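Some notes on the structure that comes next.
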Amino acid sequence: MKLLSYLHAGRETWGVVIDDGVASLAERSGCASLADFVGSTRFAERDALVAGLAAQARLADITFLPPIPKPEKIVCAVRNYMDHHQEVLAAGMQRELSEQPPIFLRVWRSQTPHLGPIVRPHVSDSLDWEGELAVIIGTGGRDIAEADAWKHVAGYSAYNDASVREWQFHAKQIASGKNFESTGGFGPWMVTADEIAPGRVLKLETRLNGKVVQSSDTSHLIFSIPTLIAYASTIFTLAPGDVIATGTPAGVGWSKKPPQFMQAGDTVEVEIEGIGTLVNPVVAQSR
């Protein structure tokens, strides 16, 4: 099942994808947001909830929002693909593999939805792409054991953890380059976890103006999804709707010789097997 948040006829709502259309579930479920829904008992009843529903609007006529528009936390993994770690080393950056998952936080205002613009800030010419698999938490909790982690996953989406590189490298912590407004593409929807078997290897491809720049799969993950959930939940109480971006594979722009970055007028796509394709135009920040 594909669930999404969106605007239609001036109203913000959320619902289910039906063929090439969408039906709102906000009133039918009694949940004001998709985050509320995945954390509720109604989420387990979703098949019955949508049975017999017809689309109320075409996907072409809605404005997509990030699947979770205002998550309490967006937890992002750093250098979590072995092929990306190897390209970092090949680029001359000395980075040892960590014994624990390196993570940082994004703020929700740094997100932009499917078909929404990724904004290149006027202070930088080094806006880079990072296609990633995003995990959306359903049942929250603290100190979640790895063996129980899959039970806490509501679904999956695509993420573009776009990075403003020179700001990322201002200090050892990288969050300053990861939180510029409207740089994190997220969407187009959440595919519920029952559609993707736990641990299934998923292909991931990022394209810039139709050209493949990243092509990998989740078998290259250094820290697994259960490990990321267990680690993050040791620090934070995970809440329904929290997002975990699991890291990017090899093929980022700064590792190319010469480096290549996103420019205004570009289009970037992140396609993940079993989920779909997140598409974002790139625009320059207005002054």
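Here's how to read the names in the structure tokens: chain A, B, ... by the order shown, residue numbers from 1 in each chain, ligand numbers from 1 in the order shown.
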Practice item. Tell me, as a VMD selection string, which residues lie within 12 Å of region 226-228 of chain A, counting only C-alpha atoms; anything in the same chain fewer than 2 positions away does not count. Key: chain A and resid 75 to 78 80 99 to 104 134 to 135 137 143 to 153 198 to 199 221 to 224 230 to 236 238 243 to 247
Review point. So which bits of region 65-219 of chain A end up strand (DSSP E) when you DSSP the backbone, as a ChimeraX atom specification?
Key: /A:74-77,103-106,111-113,118-120,127-128,131-137,153-161,163-164,184-192,203-208,211-217
Restrict the selected residues to C-alpha atoms and save them as a PDB file, in the first residue's frame.
```pdb
ATOM      1  CA  ILE A  74      14.992  12.894  10.803  1.00  0.00           C
ATOM      2  CA  VAL A  75      17.943  10.678  11.710  1.00  0.00           C
ATOM      3  CA  CYS A  76      20.523  10.377   8.933  1.00  0.00           C
ATOM      4  CA  ALA A  77      23.295   7.789   8.705  1.00  0.00           C
ATOM      5  CA  ILE A 103      24.440   9.824  12.581  1.00  0.00           C
ATOM      6  CA  PHE A 104      23.228  13.417  12.452  1.00  0.00           C
ATOM      7  CA  LEU A 105      19.813  15.092  12.545  1.00  0.00           C
ATOM      8  CA  ARG A 106      17.947  17.017   9.881  1.00  0.00           C
ATOM      9  CA  GLN A 111      12.699  18.709   3.398  1.00  0.00           C
ATOM     10  CA  THR A 112      11.056  19.167   0.028  1.00  0.00           C
ATOM     11  CA  PRO A 113       8.454  16.835  -1.525  1.00  0.00           C
ATOM     12  CA  ILE A 118      15.559  21.372  -4.240  1.00  0.00           C
ATOM     13  CA  VAL A 119      16.938  24.858  -3.577  1.00  0.00           C
ATOM     14  CA  ARG A 120      20.611  25.569  -4.225  1.00  0.00           C
ATOM     15  CA  LEU A 127      25.040  21.222  -3.821  1.00  0.00           C
ATOM     16  CA  ASP A 128      25.453  17.455  -4.117  1.00  0.00           C
ATOM     17  CA  GLY A 131      20.016   9.097  -2.999  1.00  0.00           C
ATOM     18  CA  GLU A 132      18.912   7.085   0.031  1.00  0.00           C
ATOM     19  CA  LEU A 133      16.368   4.627   1.346  1.00  0.00           C
ATOM     20  CA  ALA A 134      14.246   6.179   4.099  1.00  0.00           C
ATOM     21  CA  VAL A 135      12.667   4.145   6.894  1.00  0.00           C
ATOM     22  CA  ILE A 136       9.528   5.509   8.563  1.00  0.00           C
ATOM     23  CA  ILE A 137       8.870   4.515  12.157  1.00  0.00           C
ATOM     24  CA  VAL A 153       8.935  -0.038  10.819  1.00  0.00           C
ATOM     25  CA  ALA A 154       5.770   1.370   9.251  1.00  0.00           C
ATOM     26  CA  GLY A 155       7.179   1.690   5.750  1.00  0.00           C
ATOM     27  CA  TYR A 156       9.765   3.006   3.340  1.00  0.00           C
ATOM     28  CA  SER A 157      10.301   5.922   1.015  1.00  0.00           C
ATOM     29  CA  ALA A 158      12.994   7.539  -1.126  1.00  0.00           C
ATOM     30  CA  TYR A 159      15.183  10.355   0.162  1.00  0.00           C
ATOM     31  CA  ASN A 160      17.679  12.711  -1.429  1.00  0.00           C
ATOM     32  CA  ASP A 161      19.918  13.829   1.423  1.00  0.00           C
ATOM     33  CA  SER A 163      24.474  18.179   0.834  1.00  0.00           C
ATOM     34  CA  VAL A 164      25.966  21.650   0.686  1.00  0.00           C
ATOM     35  CA  GLY A 184      16.193  17.117   1.385  1.00  0.00           C
ATOM     36  CA  GLY A 185      13.930  15.488  -1.187  1.00  0.00           C
ATOM     37  CA  PHE A 186      11.464  13.018   0.383  1.00  0.00           C
ATOM     38  CA  GLY A 187       8.789  10.948  -1.318  1.00  0.00           C
ATOM     39  CA  PRO A 188       6.743  10.502  -3.354  1.00  0.00           C
ATOM     40  CA  TRP A 189       4.947   8.276  -0.838  1.00  0.00           C
ATOM     41  CA  MET A 190       5.459   5.696   1.882  1.00  0.00           C
ATOM     42  CA  VAL A 191       5.213   2.043   0.857  1.00  0.00           C
ATOM     43  CA  THR A 192       3.976   0.033   3.835  1.00  0.00           C
ATOM     44  CA  LYS A 203      18.218  -1.528  -5.937  1.00  0.00           C
ATOM     45  CA  LEU A 204      18.821   2.218  -5.742  1.00  0.00           C
ATOM     46  CA  GLU A 205      19.562   4.515  -8.676  1.00  0.00           C
ATOM     47  CA  THR A 206      20.079   8.283  -8.768  1.00  0.00           C
ATOM     48  CA  ARG A 207      19.886  10.146 -12.077  1.00  0.00           C
ATOM     49  CA  LEU A 208      20.879  13.719 -12.876  1.00  0.00           C
ATOM     50  CA  LYS A 211      22.099  10.257 -16.582  1.00  0.00           C
ATOM     51  CA  VAL A 212      22.767   7.588 -13.965  1.00  0.00           C
ATOM     52  CA  VAL A 213      25.123   8.922 -11.280  1.00  0.00           C
ATOM     53  CA  GLN A 214      24.495   6.360  -8.523  1.00  0.00           C
ATOM     54  CA  SER A 215      23.651   2.686  -9.003  1.00  0.00           C
ATOM     55  CA  SER A 216      23.860   0.305  -6.063  1.00  0.00           C
ATOM     56  CA  ASP A 217      21.738  -1.738  -3.684  1.00  0.00           C
TER      57      ASP A 217
END
```
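Contact shell of Ala60 (chain A) at 10 Å (only C-alpha atoms; same-chain neighbours under 5 positions omitted): A:Asp20, A:Gly21, A:Val22.
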I need the chosen residues saved as a PDB file, in the first residue's frame, with C-alpha atoms.
```pdb
ATOM      1  CA  ASP A  20      -3.307   6.840 -10.827  1.00  0.00           C
ATOM      2  CA  GLY A  21      -5.358   8.626  -8.190  1.00  0.00           C
ATOM      3  CA  VAL A  22      -5.622   9.200  -4.463  1.00  0.00           C
TER       4      VAL A  22
END
```
Review point. Between CA of His114 (chain A) and CA of Gly276 (chain A), what is the spacing in Å?
Key: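 Interatomic distance, CA of Gly276 (chain A) to CA of His114 (chain A): 10.8 Å.
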Check your understanding: Could you state the separation of CA of Arg109 (chain A) and CA of Arg46 (chain A) in Å, given to one decimal place?
Key -> 28.8 Å
Check your understanding: Which is closest to Asp266 (chain A) among A:Val279, A:Thr139, A:Ser286, A:Phe169, if we use only C-alpha atoms?
Key -> A:Val279
**Study point:** Option closest in space to Ser219 (chain A), from A:Ala284, A:Thr277, A:Asp83, A:Gly251 [counting only C-alpha atoms]
**Key:**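 The shortest atom-to-atom distance to Ser219 (chain A) comes from A:Asp83.
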Exercise for review: May I ask which of the residues A:Trp254, A:Tyr6, A:Phe64, A:Trp108 is the closest one to Ser126 (chain A), counting only C-alpha atoms?
Suggested key: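 That would be A:Trp254, the residue with the smallest distance to Ser126 (chain A).
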